[in-house]
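J.: Here's a structure for you.
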Amino acid sequence: MMEKDVLSETQKGVKSRVKLASNIQRYGMVLVFFLMVTIITILSPRFLDPRNLLNVVRQISIISIVGFGVTMVIITTGIDLSSGSVIALVSVVTASLAHPNQYPLIIPILVGLLVGGITGLINGTLIAIGKLPAFIATLGMMITARGLALIYSDGRPITNFSESFNFLGQGYLFGVPFPIYVLALTALISHIILKHTKFGKYVYAIGGNEQAAIISGIDVVKYKILVYTYAGIMTAIAGILLTSRLSAGQPTAGVGYELDAIAAAVIGGTSLNGGIGTIPGTILGALIMGTLNNGLDLLHVSAYWQQVVKGFIIVGAVLMDKQRRI
Amino acid sequence: MIPESEYILEMEGISKEFPGVKALNCVDFRVKKGTVHALIGENGAGKSTLMKILNGIYTPDSGIIKFKGKEIKLRSPYDAIKNGISMIHQELSPIPNMTVAENIFLGREPLIGRVPIVNDKEMINKTRELMRSLEINIDPCALMRDLSIANMQMVEIAKAISYNSELIIMDEPTSAISEKEVSHLFKIIKNLKEKGVSIIYISHRLDEIFKIADEVTVLRDGEYIGTESIEKITREKLIEMMVGREIKQMFPKEEAPIGEVILEVRNLTKRGVFYDINFKVRRGEILGIAGLMGAGRTEVVESIFGLSSYDAGEIYIKGKKVKIKSPIDAIKNKIALITEDRKSGLFLPLSVRDNIIMASIDSYIKGPFIDGVKVDEFCNKQIEQLKIKTPGLMQIVKYLSGGNQQKVLIARWLLTYPEILILDEPTRGIDVGAKAEIHRLITKMAKEGKAIIMISSELPEILGMSDRILVMHEGRITGELYRKDANQENIMRYAMGITS
């Protein structure tokens, strides 16, 4: 009681500051991005070479696609730690169906999506019906899926794919890497879902105030399950692209990707407190991380230092998020 | 030599203002040594604020506090305890996974010598001694979470006493305990009194006050009304002191044609919360539900709306028995609930637009998408009709004023086209202008033929708006009054459970 009253007193005073902070949050990251691009370009003009730029976008495509699902999950105040392991599971299953002259291309893709969708469905069910904390449910899936990937592949990479499957991660269309098309399409679809469908509105509602969502007659259980399933499918798409890109189904693929995807979402303004976040934001978050990696590479900064810088950026972004939520 | 004062506590000219509310206005409050002093008043009269000031939780804007004749400054509950003032809070705050002994000695654990290691044995023994002296039969090693609510309350009482304070504040100590424990508590209070301890006793139950108190002070709307000796005052006089204000505000009440029964509740019971609730609401009627805090009013409407379950009873809508298991069912049955706490109904980080459409999205679906044009059209119409002041549809709802937030909630529910509209404290914490507008809206909705249930703790609001008034006391309906018969006194009498 006391804290609440004291807070409401201070709230008024900081309202203008909060608004300012909110604008910094909204446009601040765009600014950070352009600042970064400018500095890197001055130090290494090679950065602006179109081939390098395409390379940056291709590199971030996989993390971004995972990030779209993760963004929705985080908007509902959830978290998904299983993405990296699900990528591995999807990778080995897809790879085993993608050998030359084995099945038409659609089969490994569909099965891959199905595997990802099922893991998401299980996550969602455990969280929405089993009332498990998302952290625990997806941590369980993280460990289990990795184990299943190792079992399925006997711990070895699965190689030798059909031409068409190889094209997914390695091919070019009109001079642009194919994964970039997939990135654009998934981004567009995710954005439209989030902003222009009932499902999207409910995602924001659940994260904005779950109790209010229940009172408003929203089937919170159903939509939570759907969100995790969607995240699973997005992860599967990323897994298929990665498999093709690496020319191998790797049971050890995707380690740490879940954290990169969460980082992209958070840098892009998605609030871990729920109710706030956008797809363009997540792309920006991934772009910032990708540009940073690429730029530091071009400047011959050691990979070890790159980690340190990335860590600073992530913490900085969350600090700004905190500022906004006084 | 300064003559020793007969008062242990003198609070003089205490004022406290919160944003928008004058909680206390120059209140005087004096407690004599070794007496039980009751503090009473309606919800929002300022009792809790005054006691929080005395407990060091709030700092007063002005006024002085003298304890044992010396002026003191209280900056925290720790200060209060150091000075010899402890408090039993109405809302329990146990740490569930710690033992009874650990809870009682929280922050002052006995140590082994000078080493910062807690002397568990001593702590448990001291607790056992304390419990024995108070004749409370609770194991010091039991975990708090395993205790009943009543026993937790007894532990809180024991804890407050264990500080050996000279003044103990008891804020609604009996709201969670049964008859048996109440008489036990009274015995403890009498023992304390004999030892010269003074007690401030806050309760909604007049019976208890007449049984235990020596003096009583009445607050109303943040003002000091008077202090009386309990032997020289009657219940009637006390109630008059509590409610005796003029109704200054004008209510835009207009008679609406009252039609057929839409909602009927029969014998609705949720054990331990409310019992045998029976009532009907008709088209065009505003049914007010009055009662003091904790009377079970909110719980009843939450059960009707499917937010929580009930143990027995039936709900009929337009004569047909319905099963409402969730808000989804309630909305299908054309019931809307605007909850007591605005914050629990709003999506604070979302826009005004999203907040308005969230309960009626299905009406704007075109193919797989939401028809943005239609949404804007509907929202703008609501904003215009309800006079919601917002810079735009995309404004984040968090930044609106309380009154406008409440209107956003009302807009959300009007778009579900309800026939039964339940409003729980619809104007709490809202400024006067917005209040009048919300009252006008409620009247308008009644005129449109909706059945309206309005819970309110403000008697003028209940009297000004309702066609009929139900009064609840401790989970039961204790009175039903028609508009023409109702006044502040008879409502308060029912609300305090006085039936004779």
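Letters A, B, ... go to the chains of the structure tokens in the order shown; residues in each chain start at 1; ligands are counted from 1 in the same order.
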Using DSSP assignments from the backbone, pull out every residue in stretch 308-410 of chain B that falls under alpha helix (DSSP H) and give it to me as a PyMOL selection string.

T.: chain B and resi 327-332+342-345+352-357+372-385+402-410

J.: Could you list, as a list in words, every residue within 7 Å of stretch 183-199 of chain A, counting only C-alpha atoms and ignoring same-chain residues fewer than 3 positions away?

T.: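 Near stretch 183-199 of chain A, the qualifying residues are Ser61, Ile65, Phe68, Pro179, Ile180, Tyr202, Val203 and Ile279 of chain A; Ile361, Pro368, Phe369 and Ile370 of chain B.
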
J.: Please, what distance in Å, to one decimal, runs between atom CA of B:Tyr224 and atom CA of B:Asp28?

T.: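 Atom CA of B:Asp28 lies at a distance of 6.4 Å from atom CA of B:Tyr224.
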
J.: Which residues are close to B:Ala434, i.e. within 8 Å by only C-alpha atoms, leaving aside same-chain residues fewer than 3 positions away? Reply as a PyMOL selection string.

T.: chain B and resi 403-404+430-431+437-438

J.: Out of B:Leu307, B:Ile277, B:Ile422, B:Ile258, which residue has the shortest atom-to-atom distance to B:Gly475 when counting only C-alpha atoms?

T.: B:Ile277

J.: Show me which bits of chain A are within 7 Å of chain B, counting only C-alpha atoms, as number ranges by chain.

T.: A: 2, 9, 196-198, 205, 208-209, 211-212, 214-218, 275-276

J.: How about saving the chosen residues, N, CA and C atoms kept, as a PDB file, in the first residue's frame?

T.:
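Contents of result_1.pdb, freshly written:
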```pdb
ATOM      1  N   MET A   2       1.819   1.264   0.945  1.00  0.00           N
ATOM      2  CA  MET A   2       2.637   2.464   1.073  1.00  0.00           C
ATOM      3  C   MET A   2       3.388   2.719  -0.223  1.00  0.00           C
ATOM      4  N   GLU A   9       2.731   9.224  -6.302  1.00  0.00           N
ATOM      5  CA  GLU A   9       3.136  10.607  -6.102  1.00  0.00           C
ATOM      6  C   GLU A   9       4.297  10.967  -7.014  1.00  0.00           C
ATOM      7  N   HIS A 196      -2.265  -6.457 -37.244  1.00  0.00           N
ATOM      8  CA  HIS A 196      -3.552  -6.359 -37.935  1.00  0.00           C
ATOM      9  C   HIS A 196      -4.471  -7.561 -37.771  1.00  0.00           C
ATOM     10  N   THR A 197      -4.126  -8.471 -36.856  1.00  0.00           N
ATOM     11  CA  THR A 197      -5.058  -9.579 -36.647  1.00  0.00           C
ATOM     12  C   THR A 197      -5.468  -9.632 -35.171  1.00  0.00           C
ATOM     13  N   LYS A 198      -6.550 -10.355 -34.946  1.00  0.00           N
ATOM     14  CA  LYS A 198      -7.040 -10.576 -33.598  1.00  0.00           C
ATOM     15  C   LYS A 198      -5.952 -11.236 -32.747  1.00  0.00           C
ATOM     16  N   ALA A 205      -2.450  -7.854 -25.561  1.00  0.00           N
ATOM     17  CA  ALA A 205      -3.365  -7.773 -24.415  1.00  0.00           C
ATOM     18  C   ALA A 205      -2.888  -8.669 -23.277  1.00  0.00           C
ATOM     19  N   GLY A 208       0.064  -7.137 -21.821  1.00  0.00           N
ATOM     20  CA  GLY A 208      -0.225  -5.830 -21.220  1.00  0.00           C
ATOM     21  C   GLY A 208      -0.840  -5.980 -19.847  1.00  0.00           C
ATOM     22  N   ASN A 209      -1.683  -6.985 -19.681  1.00  0.00           N
ATOM     23  CA  ASN A 209      -2.338  -7.230 -18.398  1.00  0.00           C
ATOM     24  C   ASN A 209      -3.159  -8.505 -18.520  1.00  0.00           C
ATOM     25  N   GLN A 211      -4.701 -10.365 -16.392  1.00  0.00           N
ATOM     26  CA  GLN A 211      -5.977 -10.371 -15.686  1.00  0.00           C
ATOM     27  C   GLN A 211      -7.044  -9.618 -16.489  1.00  0.00           C
ATOM     28  N   ALA A 212      -6.641  -8.469 -17.038  1.00  0.00           N
ATOM     29  CA  ALA A 212      -7.584  -7.696 -17.853  1.00  0.00           C
ATOM     30  C   ALA A 212      -7.982  -8.485 -19.093  1.00  0.00           C
ATOM     31  N   ILE A 214      -8.233 -11.708 -19.319  1.00  0.00           N
ATOM     32  CA  ILE A 214      -9.217 -12.717 -18.891  1.00  0.00           C
ATOM     33  C   ILE A 214     -10.584 -12.057 -18.717  1.00  0.00           C
ATOM     34  N   ILE A 215     -10.602 -10.908 -18.046  1.00  0.00           N
ATOM     35  CA  ILE A 215     -11.872 -10.210 -17.815  1.00  0.00           C
ATOM     36  C   ILE A 215     -12.512  -9.814 -19.139  1.00  0.00           C
ATOM     37  N   SER A 216     -11.684  -9.464 -20.125  1.00  0.00           N
ATOM     38  CA  SER A 216     -12.218  -9.034 -21.415  1.00  0.00           C
ATOM     39  C   SER A 216     -12.691 -10.208 -22.272  1.00  0.00           C
ATOM     40  N   GLY A 217     -12.667 -11.399 -21.717  1.00  0.00           N
ATOM     41  CA  GLY A 217     -13.193 -12.543 -22.448  1.00  0.00           C
ATOM     42  C   GLY A 217     -12.213 -13.143 -23.445  1.00  0.00           C
ATOM     43  N   ILE A 218     -10.934 -12.912 -23.251  1.00  0.00           N
ATOM     44  CA  ILE A 218      -9.934 -13.494 -24.150  1.00  0.00           C
ATOM     45  C   ILE A 218      -9.541 -14.872 -23.635  1.00  0.00           C
ATOM     46  N   GLY A 275       3.759  -6.649 -23.257  1.00  0.00           N
ATOM     47  CA  GLY A 275       2.873  -5.627 -23.808  1.00  0.00           C
ATOM     48  C   GLY A 275       3.517  -4.682 -24.797  1.00  0.00           C
ATOM     49  N   ILE A 276       4.836  -4.711 -24.896  1.00  0.00           N
ATOM     50  CA  ILE A 276       5.526  -3.768 -25.770  1.00  0.00           C
ATOM     51  C   ILE A 276       6.523  -4.519 -26.645  1.00  0.00           C
TER      52      ILE A 276
END
```

J.: Can you list, as a list in words, all residues belonging to stretch 123-265 of chain A that DSSP tags as strand (DSSP E or B)?

T.: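 Assigned to strand (DSSP E or B), within stretch 123-265 of chain A: Ile158, Tyr172, Leu173, Val176, Pro177 and Gly249 of chain A.
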